[in-house]
file start_17.cif (mmCIF, N, CA and C atoms)
data_structure
#
loop_
_atom_site.label_atom_id
_atom_site.label_comp_id
_atom_site.auth_asym_id
_atom_site.auth_seq_id
_atom_site.Cartn_x
_atom_site.Cartn_y
_atom_site.Cartn_z
N MET E 286 10.62 -31.81 25.81
CA MET E 286 10.96 -30.58 26.49
C MET E 286 11.23 -29.46 25.48
N TRP E 287 12.01 -29.75 24.45
CA TRP E 287 12.36 -28.74 23.45
C TRP E 287 11.12 -28.24 22.71
N ASP E 288 10.21 -29.15 22.32
CA ASP E 288 9.02 -28.74 21.59
C ASP E 288 8.15 -27.81 22.43
N ASN E 289 8.02 -28.10 23.72
CA ASN E 289 7.23 -27.26 24.61
C ASN E 289 7.86 -25.87 24.75
N SER E 290 9.18 -25.79 24.83
CA SER E 290 9.87 -24.50 24.93
C SER E 290 9.68 -23.68 23.66
N ARG E 291 9.75 -24.34 22.50
CA ARG E 291 9.53 -23.63 21.24
C ARG E 291 8.12 -23.05 21.17
N PHE E 292 7.15 -23.80 21.69
CA PHE E 292 5.77 -23.32 21.69
C PHE E 292 5.66 -22.04 22.50
N TRP E 293 6.20 -22.04 23.73
CA TRP E 293 6.09 -20.87 24.60
C TRP E 293 6.87 -19.68 24.06
N ILE E 294 8.03 -19.91 23.46
CA ILE E 294 8.79 -18.81 22.86
C ILE E 294 8.01 -18.23 21.69
N GLY E 295 7.43 -19.10 20.87
CA GLY E 295 6.61 -18.64 19.75
C GLY E 295 5.39 -17.87 20.23
N GLN E 296 4.74 -18.34 21.30
CA GLN E 296 3.58 -17.66 21.84
C GLN E 296 3.96 -16.29 22.39
N LEU E 297 5.09 -16.21 23.09
CA LEU E 297 5.57 -14.94 23.63
C LEU E 297 5.85 -13.96 22.49
N PHE E 298 6.50 -14.43 21.41
CA PHE E 298 6.79 -13.58 20.25
C PHE E 298 5.50 -13.10 19.61
N HIS E 299 4.52 -14.00 19.46
CA HIS E 299 3.23 -13.65 18.86
C HIS E 299 2.52 -12.59 19.71
N ASP E 300 2.48 -12.78 21.03
CA ASP E 300 1.81 -11.84 21.92
C ASP E 300 2.48 -10.46 21.89
N SER E 301 3.81 -10.42 21.83
CA SER E 301 4.50 -9.13 21.80
C SER E 301 4.25 -8.40 20.48
N ARG E 302 4.13 -9.15 19.38
CA ARG E 302 3.81 -8.51 18.09
C ARG E 302 2.41 -7.90 18.14
N LEU E 303 1.45 -8.62 18.76
CA LEU E 303 0.10 -8.08 18.86
C LEU E 303 0.06 -6.82 19.70
N ARG E 304 0.80 -6.80 20.80
CA ARG E 304 0.86 -5.60 21.63
C ARG E 304 1.46 -4.43 20.85
N LEU E 305 2.47 -4.70 20.05
CA LEU E 305 3.08 -3.65 19.24
C LEU E 305 2.08 -3.10 18.22
N LEU E 306 1.37 -3.99 17.52
CA LEU E 306 0.39 -3.54 16.53
C LEU E 306 -0.73 -2.74 17.19
N ASN E 307 -1.18 -3.18 18.37
CA ASN E 307 -2.25 -2.45 19.06
C ASN E 307 -1.81 -1.09 19.55
N SER E 308 -0.51 -0.89 19.73
CA SER E 308 -0.02 0.40 20.22
C SER E 308 0.20 1.40 19.09
N LEU E 309 0.18 0.96 17.84
CA LEU E 309 0.41 1.87 16.71
C LEU E 309 -0.80 2.75 16.48
N PRO E 310 -0.61 3.98 16.00
CA PRO E 310 -1.75 4.86 15.68
C PRO E 310 -2.61 4.24 14.59
N HIS E 311 -3.92 4.47 14.69
CA HIS E 311 -4.85 3.90 13.71
C HIS E 311 -4.58 4.42 12.30
N GLN E 312 -4.11 5.66 12.16
CA GLN E 312 -3.83 6.19 10.82
C GLN E 312 -2.70 5.40 10.15
N PHE E 313 -1.70 5.01 10.95
CA PHE E 313 -0.61 4.22 10.40
C PHE E 313 -1.10 2.85 9.95
N LEU E 314 -1.94 2.23 10.79
CA LEU E 314 -2.49 0.92 10.42
C LEU E 314 -3.36 1.04 9.17
N ALA E 315 -4.10 2.14 9.03
CA ALA E 315 -4.92 2.34 7.84
C ALA E 315 -4.05 2.44 6.60
N SER E 316 -2.91 3.14 6.70
CA SER E 316 -2.04 3.26 5.54
C SER E 316 -1.43 1.91 5.17
N LEU E 317 -1.14 1.07 6.16
CA LEU E 317 -0.64 -0.26 5.85
C LEU E 317 -1.69 -1.08 5.14
N ARG E 318 -2.92 -1.01 5.62
CA ARG E 318 -4.00 -1.77 5.01
C ARG E 318 -4.25 -1.28 3.59
N MET E 319 -4.23 0.04 3.39
CA MET E 319 -4.47 0.60 2.06
C MET E 319 -3.42 0.10 1.07
N SER E 320 -2.18 -0.03 1.51
CA SER E 320 -1.13 -0.39 0.57
C SER E 320 -1.23 -1.83 0.11
N THR E 321 -2.07 -2.62 0.76
CA THR E 321 -2.16 -4.03 0.38
C THR E 321 -3.48 -4.38 -0.29
N GLU E 322 -4.41 -3.43 -0.44
CA GLU E 322 -5.71 -3.75 -1.00
C GLU E 322 -5.68 -3.70 -2.52
N LEU E 323 -5.76 -4.87 -3.13
CA LEU E 323 -5.80 -4.99 -4.59
C LEU E 323 -7.12 -5.61 -5.00
N ILE E 324 -7.70 -5.08 -6.06
CA ILE E 324 -8.96 -5.59 -6.59
C ILE E 324 -8.66 -6.17 -7.98
N PRO E 325 -9.10 -7.42 -8.25
CA PRO E 325 -8.83 -8.01 -9.56
C PRO E 325 -9.72 -7.42 -10.65
N VAL E 326 -9.15 -7.31 -11.85
CA VAL E 326 -9.92 -6.97 -13.05
C VAL E 326 -10.24 -8.31 -13.70
N VAL E 327 -11.52 -8.67 -13.66
CA VAL E 327 -11.95 -10.01 -14.04
C VAL E 327 -12.73 -9.96 -15.35
N VAL E 328 -12.51 -10.97 -16.21
CA VAL E 328 -13.27 -11.09 -17.45
C VAL E 328 -14.72 -11.43 -17.08
N PRO E 329 -15.67 -10.61 -17.52
CA PRO E 329 -17.07 -10.85 -17.15
C PRO E 329 -17.66 -12.04 -17.92
N PRO E 330 -18.73 -12.62 -17.40
CA PRO E 330 -19.41 -13.69 -18.14
C PRO E 330 -20.08 -13.12 -19.39
N ILE E 331 -20.14 -13.92 -20.44
CA ILE E 331 -20.77 -13.48 -21.69
C ILE E 331 -21.77 -14.53 -22.13
N ASP E 332 -22.64 -14.13 -23.07
CA ASP E 332 -23.66 -15.06 -23.58
C ASP E 332 -23.07 -16.12 -24.50
N HIS E 333 -21.98 -15.80 -25.19
CA HIS E 333 -21.37 -16.71 -26.17
C HIS E 333 -20.23 -17.49 -25.51
N GLN E 334 -20.55 -18.37 -24.56
CA GLN E 334 -19.54 -19.10 -23.80
C GLN E 334 -18.65 -19.97 -24.69
N ASP E 335 -19.19 -20.47 -25.81
CA ASP E 335 -18.44 -21.40 -26.66
C ASP E 335 -17.48 -20.68 -27.62
N GLU E 336 -17.61 -19.36 -27.75
CA GLU E 336 -16.74 -18.60 -28.65
C GLU E 336 -15.41 -18.29 -27.96
N PRO E 337 -14.29 -18.35 -28.71
CA PRO E 337 -12.99 -17.99 -28.12
C PRO E 337 -12.90 -16.48 -27.90
N MET E 338 -12.49 -16.09 -26.68
CA MET E 338 -12.33 -14.67 -26.36
C MET E 338 -10.86 -14.30 -26.41
N MET E 339 -10.60 -13.02 -26.71
CA MET E 339 -9.22 -12.56 -26.79
C MET E 339 -9.15 -11.13 -26.23
N LEU E 340 -8.05 -10.84 -25.53
CA LEU E 340 -7.81 -9.49 -25.05
C LEU E 340 -7.29 -8.67 -26.23
N CYS E 341 -8.01 -7.62 -26.60
CA CYS E 341 -7.65 -6.81 -27.77
C CYS E 341 -6.72 -5.65 -27.42
N ASN E 342 -7.04 -4.96 -26.30
CA ASN E 342 -6.32 -3.72 -26.03
C ASN E 342 -6.52 -3.29 -24.58
N TRP E 343 -5.44 -2.86 -23.94
CA TRP E 343 -5.54 -2.16 -22.67
C TRP E 343 -5.75 -0.70 -22.99
N LEU E 344 -6.77 -0.07 -22.42
CA LEU E 344 -7.07 1.33 -22.69
C LEU E 344 -6.32 2.28 -21.77
N ILE E 345 -5.69 1.74 -20.73
CA ILE E 345 -4.86 2.53 -19.83
C ILE E 345 -3.54 1.80 -19.62
N ASP E 346 -2.55 2.54 -19.14
CA ASP E 346 -1.24 1.95 -18.87
C ASP E 346 -1.10 1.64 -17.39
N ARG E 347 -0.16 0.79 -17.09
CA ARG E 347 0.14 0.45 -15.70
C ARG E 347 0.52 1.72 -14.94
N GLY E 348 -0.04 1.88 -13.74
CA GLY E 348 0.24 3.04 -12.92
C GLY E 348 -0.75 4.18 -13.10
N GLU E 349 -1.58 4.13 -14.15
CA GLU E 349 -2.55 5.20 -14.38
C GLU E 349 -3.73 5.06 -13.44
N ARG E 350 -4.31 6.21 -13.10
CA ARG E 350 -5.47 6.24 -12.23
C ARG E 350 -6.73 5.97 -13.04
N VAL E 351 -7.65 5.20 -12.44
CA VAL E 351 -8.93 4.88 -13.07
C VAL E 351 -10.06 5.15 -12.09
N GLU E 352 -11.23 5.42 -12.63
CA GLU E 352 -12.44 5.59 -11.84
C GLU E 352 -13.29 4.33 -11.99
N SER E 353 -14.04 4.03 -10.97
CA SER E 353 -14.92 2.87 -11.01
C SER E 353 -15.89 3.01 -12.19
N GLY E 354 -16.01 1.96 -12.99
CA GLY E 354 -16.89 1.98 -14.16
C GLY E 354 -16.25 2.46 -15.44
N GLU E 355 -15.06 3.06 -15.35
CA GLU E 355 -14.34 3.53 -16.53
C GLU E 355 -13.84 2.33 -17.35
N SER E 356 -13.95 2.40 -18.66
CA SER E 356 -13.46 1.32 -19.53
C SER E 356 -11.95 1.23 -19.44
N ILE E 357 -11.44 0.02 -19.16
CA ILE E 357 -9.99 -0.11 -19.02
C ILE E 357 -9.37 -1.11 -20.00
N LEU E 358 -10.18 -2.03 -20.55
CA LEU E 358 -9.64 -2.94 -21.56
C LEU E 358 -10.73 -3.39 -22.50
N GLU E 359 -10.32 -3.86 -23.67
CA GLU E 359 -11.24 -4.36 -24.69
C GLU E 359 -11.05 -5.85 -24.87
N ILE E 360 -12.16 -6.56 -24.93
CA ILE E 360 -12.16 -8.01 -25.16
C ILE E 360 -13.00 -8.28 -26.39
N SER E 361 -12.62 -9.29 -27.16
CA SER E 361 -13.40 -9.59 -28.36
C SER E 361 -13.66 -11.08 -28.50
N ILE E 362 -14.75 -11.37 -29.18
CA ILE E 362 -15.01 -12.69 -29.75
C ILE E 362 -15.20 -12.39 -31.23
N PRO E 363 -15.14 -13.37 -32.10
CA PRO E 363 -15.27 -13.06 -33.53
C PRO E 363 -16.52 -12.23 -33.83
N GLY E 364 -16.29 -11.01 -34.33
CA GLY E 364 -17.37 -10.12 -34.73
C GLY E 364 -17.86 -9.16 -33.66
N ILE E 365 -17.44 -9.32 -32.41
CA ILE E 365 -17.90 -8.45 -31.33
C ILE E 365 -16.72 -8.00 -30.47
N VAL E 366 -16.68 -6.69 -30.18
CA VAL E 366 -15.67 -6.14 -29.28
C VAL E 366 -16.43 -5.37 -28.20
N TRP E 367 -16.06 -5.57 -26.93
CA TRP E 367 -16.68 -4.80 -25.86
C TRP E 367 -15.66 -4.41 -24.81
N ASP E 368 -16.02 -3.36 -24.07
CA ASP E 368 -15.14 -2.82 -23.03
C ASP E 368 -15.42 -3.49 -21.70
N VAL E 369 -14.37 -3.62 -20.90
CA VAL E 369 -14.49 -4.11 -19.53
C VAL E 369 -14.27 -2.92 -18.60
N PRO E 370 -15.23 -2.64 -17.70
CA PRO E 370 -15.08 -1.49 -16.81
C PRO E 370 -14.20 -1.81 -15.60
N ALA E 371 -13.64 -0.76 -15.03
CA ALA E 371 -12.85 -0.91 -13.80
C ALA E 371 -13.80 -1.27 -12.66
N PRO E 372 -13.45 -2.28 -11.86
CA PRO E 372 -14.32 -2.68 -10.76
C PRO E 372 -14.29 -1.69 -9.58
N SER E 373 -13.26 -0.83 -9.54
CA SER E 373 -13.10 0.10 -8.44
C SER E 373 -12.19 1.25 -8.87
N SER E 374 -12.26 2.35 -8.14
CA SER E 374 -11.36 3.45 -8.40
C SER E 374 -9.99 3.14 -7.80
N GLY E 375 -8.94 3.58 -8.46
CA GLY E 375 -7.60 3.35 -7.97
C GLY E 375 -6.58 3.49 -9.08
N ARG E 376 -5.47 2.79 -8.94
CA ARG E 376 -4.42 2.78 -9.96
C ARG E 376 -4.22 1.36 -10.46
N LEU E 377 -4.02 1.24 -11.78
CA LEU E 377 -3.74 -0.08 -12.35
C LEU E 377 -2.36 -0.50 -11.88
N GLU E 378 -2.32 -1.44 -10.97
CA GLU E 378 -1.08 -1.86 -10.32
C GLU E 378 -0.31 -2.88 -11.16
N ARG E 379 -1.04 -3.85 -11.71
CA ARG E 379 -0.35 -4.94 -12.39
C ARG E 379 -1.20 -5.42 -13.57
N ILE E 380 -0.54 -5.70 -14.68
CA ILE E 380 -1.19 -6.29 -15.85
C ILE E 380 -0.75 -7.74 -15.93
N VAL E 381 -1.72 -8.64 -15.87
CA VAL E 381 -1.43 -10.07 -15.85
C VAL E 381 -1.57 -10.69 -17.25
N ARG E 382 -2.56 -10.23 -18.00
CA ARG E 382 -2.79 -10.75 -19.35
C ARG E 382 -2.47 -9.67 -20.36
N VAL E 383 -1.89 -10.07 -21.48
CA VAL E 383 -1.46 -9.12 -22.50
C VAL E 383 -2.30 -9.27 -23.75
N VAL E 384 -2.14 -8.31 -24.66
CA VAL E 384 -2.88 -8.31 -25.93
C VAL E 384 -2.67 -9.63 -26.66
N PHE E 385 -3.74 -10.15 -27.21
CA PHE E 385 -3.84 -11.41 -27.97
C PHE E 385 -3.89 -12.65 -27.08
N ASP E 386 -3.90 -12.49 -25.75
CA ASP E 386 -4.09 -13.65 -24.87
C ASP E 386 -5.53 -14.16 -25.02
N ARG E 387 -5.67 -15.48 -25.03
CA ARG E 387 -7.01 -16.08 -25.03
C ARG E 387 -7.54 -16.03 -23.61
N LEU E 388 -8.84 -15.74 -23.49
CA LEU E 388 -9.46 -15.55 -22.18
C LEU E 388 -10.70 -16.40 -22.02
N ARG E 389 -11.06 -16.61 -20.75
CA ARG E 389 -12.32 -17.26 -20.39
C ARG E 389 -12.98 -16.38 -19.33
N PRO E 390 -14.31 -16.46 -19.21
CA PRO E 390 -14.97 -15.70 -18.13
C PRO E 390 -14.37 -16.08 -16.78
N GLY E 391 -14.11 -15.08 -15.96
CA GLY E 391 -13.52 -15.31 -14.64
C GLY E 391 -12.01 -15.16 -14.60
N ASP E 392 -11.35 -15.11 -15.76
CA ASP E 392 -9.90 -14.92 -15.77
C ASP E 392 -9.56 -13.52 -15.24
N ILE E 393 -8.44 -13.44 -14.51
CA ILE E 393 -7.97 -12.15 -14.00
C ILE E 393 -6.99 -11.56 -15.02
N CYS E 394 -7.28 -10.33 -15.45
CA CYS E 394 -6.43 -9.66 -16.44
C CYS E 394 -5.46 -8.68 -15.81
N GLY E 395 -5.79 -8.17 -14.64
CA GLY E 395 -4.94 -7.20 -13.97
C GLY E 395 -5.42 -6.95 -12.56
N TRP E 396 -4.72 -6.04 -11.87
CA TRP E 396 -5.04 -5.71 -10.48
C TRP E 396 -5.05 -4.20 -10.31
N ILE E 397 -6.05 -3.71 -9.58
CA ILE E 397 -6.16 -2.28 -9.26
C ILE E 397 -5.91 -2.09 -7.78
N ARG E 398 -5.01 -1.16 -7.45
CA ARG E 398 -4.75 -0.82 -6.05
C ARG E 398 -5.75 0.25 -5.66
N LEU E 399 -6.49 0.00 -4.58
CA LEU E 399 -7.51 0.92 -4.12
C LEU E 399 -6.92 2.24 -3.65
N ASP E 400 -7.74 3.30 -3.80
CA ASP E 400 -7.39 4.61 -3.25
C ASP E 400 -7.68 4.61 -1.76
N GLY E 401 -7.18 5.62 -1.07
CA GLY E 401 -7.40 5.76 0.36
C GLY E 401 -8.85 5.99 0.73
N ASP E 402 -9.68 6.42 -0.21
CA ASP E 402 -11.09 6.67 0.08
C ASP E 402 -11.83 5.40 0.47
N HIS E 403 -11.31 4.26 0.07
CA HIS E 403 -12.01 3.00 0.28
C HIS E 403 -11.56 2.29 1.54
N VAL E 404 -10.65 2.89 2.29
CA VAL E 404 -10.10 2.22 3.46
C VAL E 404 -10.95 2.52 4.69
N THR E 405 -11.31 1.48 5.41
CA THR E 405 -11.99 1.66 6.68
C THR E 405 -11.22 0.91 7.74
N VAL E 406 -11.16 1.48 8.91
CA VAL E 406 -10.45 0.85 10.02
C VAL E 406 -11.46 0.62 11.13
N GLU E 407 -11.61 -0.61 11.57
CA GLU E 407 -12.52 -0.92 12.64
C GLU E 407 -11.94 -0.41 13.95
N ASN E 408 -12.82 0.02 14.84
CA ASN E 408 -12.45 0.48 16.19
C ASN E 408 -11.55 1.71 16.16
N ALA E 409 -11.63 2.52 15.12
CA ALA E 409 -10.81 3.74 15.08
C ALA E 409 -11.42 4.77 16.02
N SER E 410 -10.56 5.49 16.71
CA SER E 410 -11.07 6.50 17.64
C SER E 410 -10.77 7.89 17.13
#
call {"tool": "encode", "arguments": {"input": "start_17.cif", "output": "structure tokens"}}
result
Amino acid sequence: MWDNSRFWIGQLFHDSRLRLLNSLPHQFLASLRMSTELIPVVVPPIDHQDEPMMLCNWLIDRGERVESGESILEISIPGIVWDVPAPSSGRLERIVRVVFDRLRPGDICGWIRLDGDHVTVENAS
């Protein structure tokens, strides 16, 4: 009996939350979605897979605005240094890897918070 009551109370709570969300203006929902969209800054694949890679330098600071394609960090293998471009326009939200960290292709070095230009809301009127 108790388990069945918990199910119905939970279902009622879930349904009321959905009604509340559906009643909010679409602009408000868009701002909520925008505030949670983070894009990872990922170490790209390289031809020299067997060489040790290292993060040399962040070219921007946390909180700074970046444009898509702009160089934001430098990675090196012995004898070669190259820039990693920003995957999207936005602000550098979080730095996960620091200078002199060893890296592998696919490692996440940081996170970029998207600008409002990239937000789309389905069924907006």
call {"tool": "residues_near_point", "arguments": {"input": "start_17.cif", "point": "(-7.2, -13.3, -18.9)", "cutoff": "10 Å", "atoms": "only C-alpha atoms", "output": "list of chain:residue names"}}
result
E:Val326, E:Val327, E:Val328, E:Met338, E:Met339, E:Leu340, E:Ile360, E:Ile380, E:Val381, E:Arg382, E:Val383, E:Val384, E:Phe385, E:Asp386, E:Arg387, E:Leu388, E:Arg389, E:Pro390, E:Gly391, E:Asp392, E:Ile393, E:Cys394, E:Gly395
call {"tool": "residues_around", "arguments": {"input": "start_17.cif", "residues": "Leu358 of chain E", "least_positions_apart": "6", "cutoff": "7 Å", "atoms": "all atoms listed in the file", "output": "VMD selection string"}}
result
chain E and resid 341 to 345 367 to 371
call {"tool": "residues_around", "arguments": {"input": "start_17.cif", "residues": "segment 346-355 of chain E", "least_positions_apart": "5", "cutoff": "5 Å", "atoms": "only N, CA and C atoms", "output": "list in words"}}
result
Pro370, Ala371, Pro372, Ser373, Ser374, Gly375, Arg376, Leu377 and Glu378 of chain E
call {"tool": "atom_distance", "arguments": {"input": "start_17.cif", "atom1": "atom N of Trp396 of chain E", "atom2": "atom CA of Arg379 of chain E"}}
result
4.5 Å
call {"tool": "atom_distance", "arguments": {"input": "start_17.cif", "atom1": "atom CA of Ile331 of chain E", "atom2": "atom CA of Arg398 of chain E"}}
result
25.7 Å
call {"tool": "atom_distance", "arguments": {"input": "start_17.cif", "atom1": "atom C of Glu322 of chain E", "atom2": "atom N of Ser356 of chain E"}}
result
19.1 Å
call {"tool": "resolve_selection", "arguments": {"input": "start_17.cif", "expression": "the PyMOL selection byres ((chain E and resi 337) around 6)", "output": "PDB file with N, CA and C atoms, in the frame of the given file"}}
result
ATOM      1  N   ASP E 335     -19.190 -20.470 -25.810  1.00  0.00           N
ATOM      2  CA  ASP E 335     -18.440 -21.400 -26.660  1.00  0.00           C
ATOM      3  C   ASP E 335     -17.480 -20.680 -27.620  1.00  0.00           C
ATOM      4  N   GLU E 336     -17.610 -19.360 -27.750  1.00  0.00           N
ATOM      5  CA  GLU E 336     -16.740 -18.600 -28.650  1.00  0.00           C
ATOM      6  C   GLU E 336     -15.410 -18.290 -27.960  1.00  0.00           C
ATOM      7  N   MET E 338     -12.490 -16.090 -26.680  1.00  0.00           N
ATOM      8  CA  MET E 338     -12.330 -14.670 -26.360  1.00  0.00           C
ATOM      9  C   MET E 338     -10.860 -14.300 -26.410  1.00  0.00           C
ATOM     10  N   MET E 339     -10.600 -13.020 -26.710  1.00  0.00           N
ATOM     11  CA  MET E 339      -9.220 -12.560 -26.790  1.00  0.00           C
ATOM     12  C   MET E 339      -9.150 -11.130 -26.230  1.00  0.00           C
ATOM     13  N   SER E 361     -12.620  -9.290 -27.160  1.00  0.00           N
ATOM     14  CA  SER E 361     -13.400  -9.590 -28.360  1.00  0.00           C
ATOM     15  C   SER E 361     -13.660 -11.080 -28.500  1.00  0.00           C
ATOM     16  N   ILE E 362     -14.750 -11.370 -29.180  1.00  0.00           N
ATOM     17  CA  ILE E 362     -15.010 -12.690 -29.750  1.00  0.00           C
ATOM     18  C   ILE E 362     -15.200 -12.390 -31.230  1.00  0.00           C
ATOM     19  N   PRO E 363     -15.140 -13.370 -32.100  1.00  0.00           N
ATOM     20  CA  PRO E 363     -15.270 -13.060 -33.530  1.00  0.00           C
ATOM     21  C   PRO E 363     -16.520 -12.230 -33.830  1.00  0.00           C
TER      22      PRO E 363
END
call {"tool": "select_by_dssp", "arguments": {"input": "start_17.cif", "residues": "segment 326-364 of chain E", "states": "strand (DSSP E)", "output": "ChimeraX atom specification"}}
result
/E:326-327,338-343,350-351,356-362
